[in-house]
Structures are given as C-alpha cells and as structure tokens.
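Next comes structure08.cif, with mmCIF, C-alpha atoms.
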```cif
data_coords
#
loop_
_atom_site.label_atom_id
_atom_site.label_comp_id
_atom_site.auth_asym_id
_atom_site.auth_seq_id
_atom_site.Cartn_x
_atom_site.Cartn_y
_atom_site.Cartn_z
CA MET A 8 -45.20 82.36 -22.37
CA PRO A 9 -45.93 80.90 -25.83
CA LEU A 10 -45.14 83.18 -28.70
CA GLU A 11 -46.94 84.07 -31.84
CA SER A 12 -45.37 82.27 -34.76
CA ALA A 13 -44.79 85.59 -36.54
CA THR A 14 -42.26 86.59 -33.86
CA LEU A 15 -40.50 83.25 -34.13
CA ASP A 16 -40.32 83.50 -37.90
CA SER A 17 -38.76 86.95 -37.74
CA VAL A 18 -36.15 85.74 -35.25
CA SER A 19 -35.19 82.72 -37.29
CA GLU A 20 -35.05 84.87 -40.45
CA ASP A 21 -32.66 87.27 -38.74
CA LEU A 22 -30.51 84.36 -37.61
CA ARG A 23 -30.40 82.77 -41.05
CA ALA A 24 -29.52 86.07 -42.66
CA ALA A 25 -26.56 86.58 -40.32
CA LEU A 26 -25.20 83.08 -39.97
CA GLY A 27 -26.22 81.53 -43.26
CA ASP A 28 -25.28 77.89 -43.68
CA ASP A 29 -23.78 77.68 -40.20
CA ILE A 30 -27.20 76.96 -38.77
CA LEU A 31 -27.61 73.21 -38.79
CA GLU A 32 -31.17 73.07 -37.61
CA VAL A 33 -33.97 75.33 -36.35
CA THR A 34 -36.84 73.75 -34.49
CA GLU A 35 -39.68 75.12 -32.44
CA ASN A 36 -40.68 73.62 -29.12
CA TRP A 37 -43.58 74.98 -27.07
CA GLY A 38 -43.20 78.44 -28.53
CA HIS A 39 -39.44 78.57 -28.07
CA LEU A 40 -36.83 78.39 -30.79
CA ILE A 41 -34.03 75.86 -30.67
CA VAL A 42 -31.06 76.60 -32.91
CA ARG A 43 -28.31 74.08 -33.53
CA VAL A 44 -24.91 75.45 -34.57
CA PRO A 45 -21.41 73.97 -34.90
CA PRO A 46 -19.43 74.38 -31.65
CA GLU A 47 -16.85 76.74 -33.16
CA ARG A 48 -19.61 79.17 -34.24
CA ARG A 49 -21.19 79.41 -30.76
CA PRO A 50 -19.94 82.95 -29.91
CA GLU A 51 -20.98 84.27 -33.32
CA ALA A 52 -24.47 82.83 -33.01
CA LEU A 53 -24.86 84.40 -29.57
CA ALA A 54 -23.47 87.72 -30.83
CA VAL A 55 -26.09 87.74 -33.58
CA LEU A 56 -28.83 87.02 -31.08
CA LYS A 57 -27.58 89.81 -28.84
CA ALA A 58 -27.53 92.20 -31.79
CA ILE A 59 -31.14 91.47 -32.67
CA GLY A 60 -32.43 92.20 -29.18
CA PHE A 61 -31.78 89.13 -27.03
CA ASP A 62 -30.36 91.11 -24.15
CA PHE A 63 -30.56 88.63 -21.27
CA TYR A 64 -28.44 85.50 -20.93
CA SER A 65 -30.90 83.32 -19.07
CA PHE A 66 -28.83 80.20 -18.41
CA GLY A 67 -26.23 77.92 -19.87
CA CYS A 68 -25.76 74.26 -19.07
CA GLY A 69 -24.67 70.93 -20.49
CA VAL A 70 -26.26 67.62 -21.39
CA ASP A 71 -24.52 64.27 -21.56
CA TRP A 72 -25.56 61.87 -24.33
CA PRO A 73 -23.39 58.79 -23.71
CA ASP A 74 -25.16 56.68 -26.36
CA GLU A 75 -24.22 59.13 -29.09
CA ASP A 76 -20.82 59.85 -27.47
CA VAL A 77 -21.69 63.53 -27.39
CA LEU A 78 -21.72 66.35 -24.86
CA GLU A 79 -24.14 69.15 -25.61
CA VAL A 80 -23.78 72.78 -24.56
CA LEU A 81 -26.97 74.81 -24.18
CA ASP A 82 -27.31 78.57 -24.03
CA ASN A 83 -30.70 80.05 -23.32
CA VAL A 84 -31.12 83.73 -24.14
CA PHE A 85 -34.16 85.90 -23.64
CA SER A 86 -35.31 89.09 -25.27
CA THR A 87 -37.08 91.53 -22.98
CA LYS A 88 -38.17 93.53 -26.02
CA ARG A 89 -39.62 90.72 -28.15
CA MET A 90 -40.53 88.57 -25.13
CA ALA A 91 -38.93 85.63 -26.95
CA ARG A 92 -36.61 82.86 -25.80
CA VAL A 93 -34.04 81.06 -27.92
CA THR A 94 -31.88 78.06 -27.04
CA VAL A 95 -28.57 77.68 -28.85
CA LYS A 96 -27.26 74.12 -28.84
CA CYS A 97 -23.92 72.80 -29.98
CA ARG A 98 -22.58 69.28 -29.73
CA VAL A 99 -19.01 68.24 -29.03
CA PRO A 100 -17.45 64.77 -28.87
CA ARG A 101 -16.99 63.37 -25.36
CA SER A 102 -13.32 62.68 -25.99
CA THR A 103 -12.46 66.33 -26.77
CA PRO A 104 -15.15 68.50 -25.17
CA ARG A 105 -14.05 71.97 -26.18
CA VAL A 106 -16.11 75.01 -27.19
CA PRO A 107 -15.17 78.68 -27.46
CA THR A 108 -16.34 80.82 -24.54
CA ALA A 109 -19.29 83.20 -24.76
CA THR A 110 -18.07 85.48 -21.97
CA GLY A 111 -16.95 88.02 -24.58
CA VAL A 112 -20.54 88.32 -25.78
CA TYR A 113 -22.54 87.91 -22.58
CA GLY A 114 -20.75 88.69 -19.31
CA GLY A 115 -23.44 86.70 -17.50
CA ALA A 116 -22.22 83.50 -19.14
CA ASP A 117 -19.16 83.51 -16.86
CA TRP A 118 -20.51 81.55 -13.88
CA HIS A 119 -22.71 79.32 -16.04
CA GLU A 120 -19.66 78.21 -18.01
CA ARG A 121 -17.63 77.61 -14.86
CA GLU A 122 -20.43 75.47 -13.47
CA THR A 123 -20.77 73.52 -16.73
CA TRP A 124 -17.02 73.03 -16.78
CA GLU A 125 -16.79 71.55 -13.31
CA LEU A 126 -19.92 69.38 -13.61
CA PHE A 127 -19.46 68.10 -17.17
CA GLY A 128 -15.81 68.68 -17.94
CA ILE A 129 -16.57 70.81 -20.98
CA VAL A 130 -13.65 73.19 -21.54
CA PHE A 131 -14.59 76.72 -22.55
CA ALA A 132 -11.61 77.92 -24.53
CA GLY A 133 -10.73 81.54 -23.85
CA HIS A 134 -12.64 81.80 -20.58
CA PRO A 135 -10.83 84.38 -18.39
CA ARG A 136 -10.92 82.37 -15.12
CA LEU A 137 -12.02 78.78 -15.52
CA ARG A 138 -11.96 77.81 -11.83
CA ARG A 139 -14.24 75.77 -9.60
CA LEU A 140 -17.47 77.54 -8.71
CA LEU A 141 -19.66 75.26 -6.57
CA LEU A 142 -17.88 72.00 -5.81
CA ALA A 143 -15.20 71.41 -3.21
CA ASP A 144 -11.60 71.64 -4.39
CA TRP A 145 -10.96 67.96 -3.71
CA GLN A 146 -13.92 66.71 -5.75
CA GLU A 147 -12.87 64.17 -8.37
CA GLY A 148 -14.42 63.50 -11.74
CA PHE A 149 -17.35 65.23 -13.38
CA PRO A 150 -20.44 64.40 -11.31
CA MET A 151 -23.09 65.19 -13.91
CA ARG A 152 -21.71 62.85 -16.56
CA LYS A 153 -23.88 59.79 -16.78
CA ASP A 154 -21.02 57.30 -16.52
CA GLU A 155 -19.87 58.85 -13.23
CA VAL A 156 -20.16 56.25 -10.47
CA LEU A 157 -22.20 57.18 -7.39
CA ARG A 158 -20.34 55.36 -4.63
CA PRO A 159 -23.23 55.07 -2.14
CA ARG A 160 -25.38 53.45 -4.84
CA VAL A 161 -22.67 50.88 -5.49
CA GLU A 162 -22.31 50.00 -1.82
CA LYS A 163 -26.04 49.84 -1.20
CA PRO A 164 -28.57 49.56 -4.02
CA TRP A 165 -31.67 51.69 -4.15
CA PRO A 166 -34.12 50.54 -1.40
CA GLY A 167 -37.01 50.38 -3.89
CA GLU A 168 -35.50 47.34 -5.56
CA PHE A 169 -34.86 45.80 -2.16
CA PHE A 170 -38.55 46.01 -1.26
CA GLU A 171 -39.74 44.63 -4.59
CA ALA A 172 -37.58 41.52 -4.34
CA MET B 18 -11.77 73.74 35.09
CA ALA B 19 -8.44 72.79 36.56
CA LEU B 20 -9.97 70.63 39.28
CA LEU B 21 -13.13 69.44 37.64
CA ASP B 22 -11.40 67.06 35.26
CA GLN B 23 -9.44 65.42 38.09
CA VAL B 24 -11.81 65.28 41.05
CA GLU B 25 -15.15 63.51 41.11
CA LEU B 26 -17.48 65.99 42.79
CA PRO B 27 -19.58 65.01 45.84
CA LYS B 28 -23.06 63.95 44.83
CA PRO B 29 -25.03 67.03 46.00
CA LEU B 30 -22.50 69.36 44.38
CA LYS B 31 -22.56 67.36 41.17
CA PHE B 32 -26.34 67.47 41.07
CA THR B 33 -26.41 71.22 41.61
CA LEU B 34 -23.70 71.93 39.07
CA ASN B 35 -25.32 69.78 36.38
CA TRP B 36 -28.72 71.22 37.22
CA GLY B 37 -27.33 74.70 36.68
CA ARG B 38 -25.55 73.72 33.47
CA LYS B 39 -28.53 72.06 31.85
CA TYR B 40 -30.74 75.14 32.16
CA SER B 41 -28.19 77.47 30.62
CA LEU B 42 -27.46 76.03 27.20
CA TRP B 43 -26.02 78.72 24.98
CA THR B 44 -26.83 77.35 21.57
CA LEU B 45 -24.91 78.00 18.41
CA GLN B 46 -27.17 77.74 15.40
CA PHE B 47 -25.59 76.11 12.40
CA GLY B 48 -28.55 76.37 10.06
CA LEU B 49 -27.70 75.04 6.62
CA ALA B 50 -31.00 74.35 4.86
CA CYS B 51 -34.75 74.17 5.39
CA CYS B 52 -34.21 72.67 8.87
CA ALA B 53 -32.93 76.10 9.91
CA ILE B 54 -36.44 77.47 9.38
CA GLU B 55 -37.88 74.93 11.80
CA MET B 56 -35.08 75.68 14.24
CA ALA B 57 -35.91 79.39 13.99
CA ALA B 58 -39.60 78.58 14.47
CA SER B 59 -38.78 76.75 17.71
CA MET B 60 -37.14 79.92 19.02
CA MET B 61 -40.17 82.07 18.23
CA PRO B 62 -42.85 82.83 20.86
CA ARG B 63 -45.19 79.92 20.03
CA HIS B 64 -42.70 77.17 20.82
CA ASP B 65 -40.36 79.37 22.85
CA ILE B 66 -37.23 77.28 23.28
CA MET B 67 -36.00 79.80 25.85
CA ARG B 68 -38.34 78.38 28.49
CA PHE B 69 -36.06 75.32 28.56
CA GLY B 70 -33.11 77.53 29.38
CA VAL B 71 -31.75 77.49 25.85
CA ILE B 72 -30.23 80.81 24.88
CA PRO B 73 -30.06 80.79 21.11
CA PHE B 74 -28.01 83.91 20.42
CA PRO B 75 -24.37 83.58 21.40
CA ALA B 76 -22.24 86.24 19.78
CA SER B 77 -19.51 83.74 18.91
CA PRO B 78 -18.83 79.99 19.10
CA ARG B 79 -16.52 80.74 22.04
CA GLN B 80 -19.57 81.49 24.18
CA ALA B 81 -21.59 78.45 23.11
CA ASP B 82 -22.29 75.18 24.90
CA VAL B 83 -24.38 73.42 22.24
CA MET B 84 -24.14 73.40 18.49
CA ILE B 85 -27.24 72.51 16.49
CA VAL B 86 -26.25 71.35 13.03
CA ALA B 87 -29.50 71.82 11.12
CA GLY B 88 -29.61 70.91 7.48
CA THR B 89 -27.74 69.44 4.55
CA CYS B 90 -23.98 69.38 5.12
CA VAL B 91 -22.17 69.39 1.80
CA ASP B 92 -18.54 68.27 1.67
CA LYS B 93 -17.39 71.82 1.06
CA MET B 94 -19.05 72.97 4.31
CA ILE B 95 -17.49 70.28 6.56
CA PRO B 96 -14.18 72.14 7.22
CA SER B 97 -16.12 75.22 8.32
CA ILE B 98 -18.31 73.19 10.66
CA ILE B 99 -15.28 71.50 12.22
CA ARG B 100 -13.55 74.84 12.59
CA VAL B 101 -16.52 76.38 14.42
CA TRP B 102 -16.84 73.24 16.56
CA GLU B 103 -13.21 73.41 17.60
CA GLN B 104 -13.63 77.02 18.70
CA MET B 105 -16.26 76.05 21.26
CA PRO B 106 -15.03 75.59 24.86
CA GLU B 107 -15.45 72.33 26.75
CA PRO B 108 -17.82 70.93 27.87
CA LYS B 109 -19.63 71.13 24.52
CA TYR B 110 -22.51 69.25 22.99
CA ALA B 111 -23.76 68.73 19.45
CA ILE B 112 -27.28 68.12 18.20
CA SER B 113 -27.78 66.75 14.72
CA PHE B 114 -31.08 68.18 13.52
CA GLY B 115 -32.85 66.59 10.56
CA SER B 116 -32.34 63.64 8.26
CA CYS B 117 -29.62 65.28 6.17
CA SER B 118 -27.21 65.87 9.00
CA ASN B 119 -28.14 62.53 10.62
CA SER B 120 -27.42 60.33 7.62
CA GLY B 121 -27.48 62.27 4.37
CA GLY B 122 -31.26 61.97 4.22
CA PRO B 123 -32.80 62.31 0.77
CA TYR B 124 -29.33 63.12 -0.59
CA TRP B 125 -27.79 59.85 0.60
CA ASP B 126 -26.59 59.04 -2.94
CA SER B 127 -25.49 62.54 -3.89
CA TYR B 128 -22.00 63.32 -5.13
CA SER B 129 -21.50 66.30 -2.82
CA VAL B 130 -23.45 65.74 0.42
CA ALA B 131 -21.78 64.33 3.54
CA LYS B 132 -23.44 61.10 4.64
CA GLY B 133 -24.02 62.09 8.23
CA ILE B 134 -22.30 64.78 10.28
CA ASP B 135 -21.50 62.17 12.95
CA GLN B 136 -18.55 61.09 10.82
CA TYR B 137 -16.91 64.36 11.84
CA LEU B 138 -18.43 65.51 15.16
CA PRO B 139 -19.35 63.61 18.34
CA ILE B 140 -23.14 63.95 18.22
CA ASP B 141 -25.06 63.74 21.50
CA VAL B 142 -28.65 63.88 20.27
CA TYR B 143 -30.09 63.00 16.87
CA VAL B 144 -33.40 64.62 15.94
CA PRO B 145 -35.07 62.72 13.08
CA GLY B 146 -37.45 64.22 10.54
CA CYS B 147 -37.38 65.96 7.21
CA PRO B 148 -37.54 68.64 8.48
CA PRO B 149 -38.36 67.87 12.13
CA ARG B 150 -41.15 69.82 13.77
CA PRO B 151 -40.08 72.42 16.36
CA GLU B 152 -41.54 70.10 19.03
CA ALA B 153 -38.98 67.51 17.97
CA LEU B 154 -36.19 69.95 18.68
CA LEU B 155 -37.71 70.70 22.10
CA ASP B 156 -37.75 66.96 22.77
CA GLY B 157 -34.13 66.73 21.64
CA ILE B 158 -33.21 69.54 24.03
CA MET B 159 -34.94 67.70 26.88
CA LYS B 160 -33.00 64.53 26.00
CA LEU B 161 -29.78 66.53 26.07
CA GLN B 162 -30.73 67.98 29.46
CA GLU B 163 -31.32 64.47 30.80
CA LYS B 164 -27.88 63.51 29.55
CA ILE B 165 -26.24 66.54 31.14
CA GLN B 166 -28.03 65.93 34.45
CA GLY B 167 -26.83 62.35 34.62
CA GLU B 168 -23.23 62.77 33.51
CA SER B 169 -20.03 63.13 35.44
CA LEU B 170 -18.14 66.27 34.53
CA LYS B 171 -14.86 64.58 35.43
CA GLU B 172 -15.42 61.82 32.87
CA ARG B 173 -16.62 64.30 30.27
CA LEU B 174 -13.62 66.60 30.61
CA SER B 175 -10.96 63.94 30.97
CA ALA B 176 -12.27 62.06 27.94
CA SER B 177 -11.96 65.07 25.64
#
```
Since I need it in another form, could you write the structure as structure tokens?
Amino acid sequence: MPLESATLDSVSEDLRAALGDDILEVTENWGHLIVRVPPERRPEALAVLKAIGFDFYSFGCGVDWPDEDVLEVLDNVFSTKRMARVTVKCRVPRSTPRVPTATGVYGGADWHERETWELFGIVFAGHPRLRRLLLADWQEGFPMRKDEVLRPRVEKPWPGEFFEA
Amino acid sequence: MALLDQVELPKPLKFTLNWGRKYSLWTLQFGLACCAIEMAASMMPRHDIMRFGVIPFPASPRQADVMIVAGTCVDKMIPSIIRVWEQMPEPKYAISFGSCSNSGGPYWDSYSVAKGIDQYLPIDVYVPGCPPRPEALLDGIMKLQEKIQGESLKERLSAS
C-alpha cells in the first residue's frame, strides 16, 4: 500500500534524529523507505525503528553484487500502527562478510539470519545459534552467491540455446 | 515366502496368485509437492482409485506394497525416502509420479533438488506430467498391474 509522503517524512525525521550521521542514504521507492546504514550500526538502526513503532520484522535476506564485490544485507520492517514499511540495507565486502546480529532487537530475525547465512555465507556476529536451517548438512558452498557453479548447467547447457543454434 | 523365491509356481497357480496380488495394492503415499494434490484427487470419488484395487491408506510402510513418490525430492528428503522404502516388505513396487521425481523437472538445474528419484530407488512405473492428471496415475496403476500379472514371483524375490 503506497503511503502518504507526510508519513514517510516523519519516519525519516525520527531516524535522522536518532542515528544522525550514521545514515548514509535515505531513498523512497514506491511508497517505501530505503535506509542505508554502515554494517556495524545495523542493530542500532533496527532498534530505533522498533522504538518508533515498527513492531513487525517482515523479512531479512541478502543480495550478492559480484561486480561491486559487495554482499548486501536487507531487513524489512513493518509498522502496524503507521502502516509503513522500511528497508534497512547495509553493505559488506565479499571477502569478510560480517554484520552484527539483529536477534537482540527482533526475535523474528533469528531464522531469517540463519537462512541468509547458509545461502550467502554472511556471518551474523553474536547470533545465538547460527546453524543450518533449510539446506542439507552435506551441502557445499553458498548456493545463492552468483559465482556459485550450478553443476547440471555445466554438464548440459540450457535447452533454449540448443534450440536457437 | 520361504518357498516362493526358490520354486517356480505352476502356471495356473502363478496366474491366480499374481491376479490376486495386482488387485490388492496397498499404496504408501509419499506426497512431497503439488503432485500430492493430484494424487489425493485420484483417490477421491470422481476418479476413485480404489476401483482398481488400490488401497491408499496403509497405517505404516510395513503394510504397503507400492510407494508413490509424488513431487519434488530435495536432497535433504532422500534419506527419509530411502528409509521408508527399506521398511516396506518384499515384493514392493515404486511409482515415480510427476516430472520432479522422474528427472528433476523444472528444478533440473537447482542446487538442492535430486535429479530423479530413480538414482536411489528401483522405479517400476514413471508417470510424466507437471503435475500429471489423476487419469495419468490411474494409467500408471494399470501399467503396474500389467507388470505384476506378467512377472514371476520367484525371479522378483530372488533378485532382491
């Protein structure tokens, strides 16, 4: 549901007041706010959002940007009072993907962080039980990273190309 | 079963025994994805799989003759499928229902889906489709019944 810009402005004002210069960037996309913070300030940013009424941790996930050598962590929180949605993004280098955990702020972040950890290899420092959630124990590598090799595709290319040739 | 795997039965006896076996297929349902809905639909009154002698509600794999693997088998599920399969008594049959369990289907290039359950189980009948219609499962059951009618129980039991 798109929001009135007055609601968005009040949310971003509250965020700026609490976090100050830590906020790298605030953009608006289709009525939703996107806030970019440094990785080490992720729990604080989420704590501020929780304090100003964002009571529901909607989802957390990762994005791989191999061209920029960056892994991105996303947290999407929702306010049932303001009916607003905010995405918190932080970027970490692919060589040392490490962010502090948000489980101390939102308990619901637990499984989302475990899933992001096993699919992207992003380590959530301070997570109480960073174990596998969905994949089999013997799975190797991080399947959602874009440089991960899909073995069946190597052995047999996509049939679409076969038919075009 | 002490004699059956050593002695080839006389023809009339073999016919009668196989005829009795093929119309009493206790079927273990291993529904894993959307194919399970079609499998359930085939057991409902409209398609009524029971008129072929298939009894779809065994209380445990130890009472089952046929296992229908219906749906996407991920790598993590394979040990459970094998474990259930090994609990079934001989002679046992397996039906692979749907593209995913036949070959991986639309997930043929996935990082977590098994590329065909026939790498792990001896499949008797493959039912193609994504998901197959309930009629396709009925046809698969009839194919399995043809196979049971024509087979020698001695060969079946001594091979396994």
Exercise. Got a sec: who's within 12 Å of segment 82-86 of chain A, counting all atoms listed in the file, leaving out chain neighbours fewer than 5 positions off, as number ranges by chain?
Worked result: A: 8, 10, 14-15, 18, 39-44, 46, 49-50, 52-70, 91-98, 108-110, 112-113, 115-117, 119-120, 123
For this session: Using all atoms listed in the file, find which residues of chain A lie within 8 Å of chain B and jot them down as number ranges by chain.
Result: A: 142-144, 150, 157-160
For this session: Please measure the separation of atom CA of Lys163 of chain A and atom CA of Gly148 of chain A, giving the value in Å to one decimal.
Result: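 Going from atom CA of Lys163 of chain A over to atom CA of Gly148 of chain A, I get 20.8 Å.
Checking A:Leu22, A:Val161, A:Met90, A:Val80 one by one against Val130 of chain A, counting all atoms listed in the file, you find the shortest gap at A:Val80.
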For this session: Tell me, in Å to one decimal, how far atom CA of Leu161 of chain B is from atom CA of Pro123 of chain B.
Result: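 One can read the atom CA of Leu161 of chain B to atom CA of Pro123 of chain B distance as 25.8 Å.
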Problem set entry | Separation of atom CA of Trp102 of chain B from atom CA of Thr44 of chain B, in Å and rounded to one decimal |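 Straight-line distance from atom CA of Trp102 of chain B to atom CA of Thr44 of chain B works out to 11.9 Å.
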Near-Arg139 of chain A list (8 Å; only C-alpha atoms; drop same-chain fewer than 5 positions) as an mmCIF file with C-alpha atoms, in the frame of the given file:
```cif
data_model
loop_
_atom_site.group_PDB
_atom_site.id
_atom_site.type_symbol
_atom_site.label_atom_id
_atom_site.label_comp_id
_atom_site.auth_asym_id
_atom_site.auth_seq_id
_atom_site.Cartn_x
_atom_site.Cartn_y
_atom_site.Cartn_z
ATOM 1 C CA ARG A 121 -17.630 77.610 -14.860
ATOM 2 C CA GLU A 122 -20.430 75.470 -13.470
ATOM 3 C CA GLU A 125 -16.790 71.550 -13.310
ATOM 4 C CA ASP A 144 -11.600 71.640 -4.390
#
```
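Minimum atom-to-atom distances from A:Leu126, A:Ser19, A:Trp165, A:Trp72 to Glu35 of chain A were compared using only C-alpha atoms, and the lowest value belongs to A:Ser19.
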For this session: Kindly resolve the PyMOL selection byres ((chain B and resi 56) around 10) on the present coordinates and return the residues as a list of chain:residue names.
Result: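 Against this file, the PyMOL selection byres ((chain B and resi 56) around 10) returns the residues B:Gln46, B:Phe47, B:Gly48, B:Cys51, B:Cys52, B:Ala53, B:Ile54, B:Glu55, B:Ala57, B:Ala58, B:Ser59, B:Met60, B:Met61, B:Ile66, B:Pro73, B:Ile85, B:Val86, B:Ala87, B:Gly88, B:Phe114, B:Pro148, B:Pro149, B:Arg150, B:Pro151, B:Glu152, B:Ala153, B:Leu154, B:Leu155.
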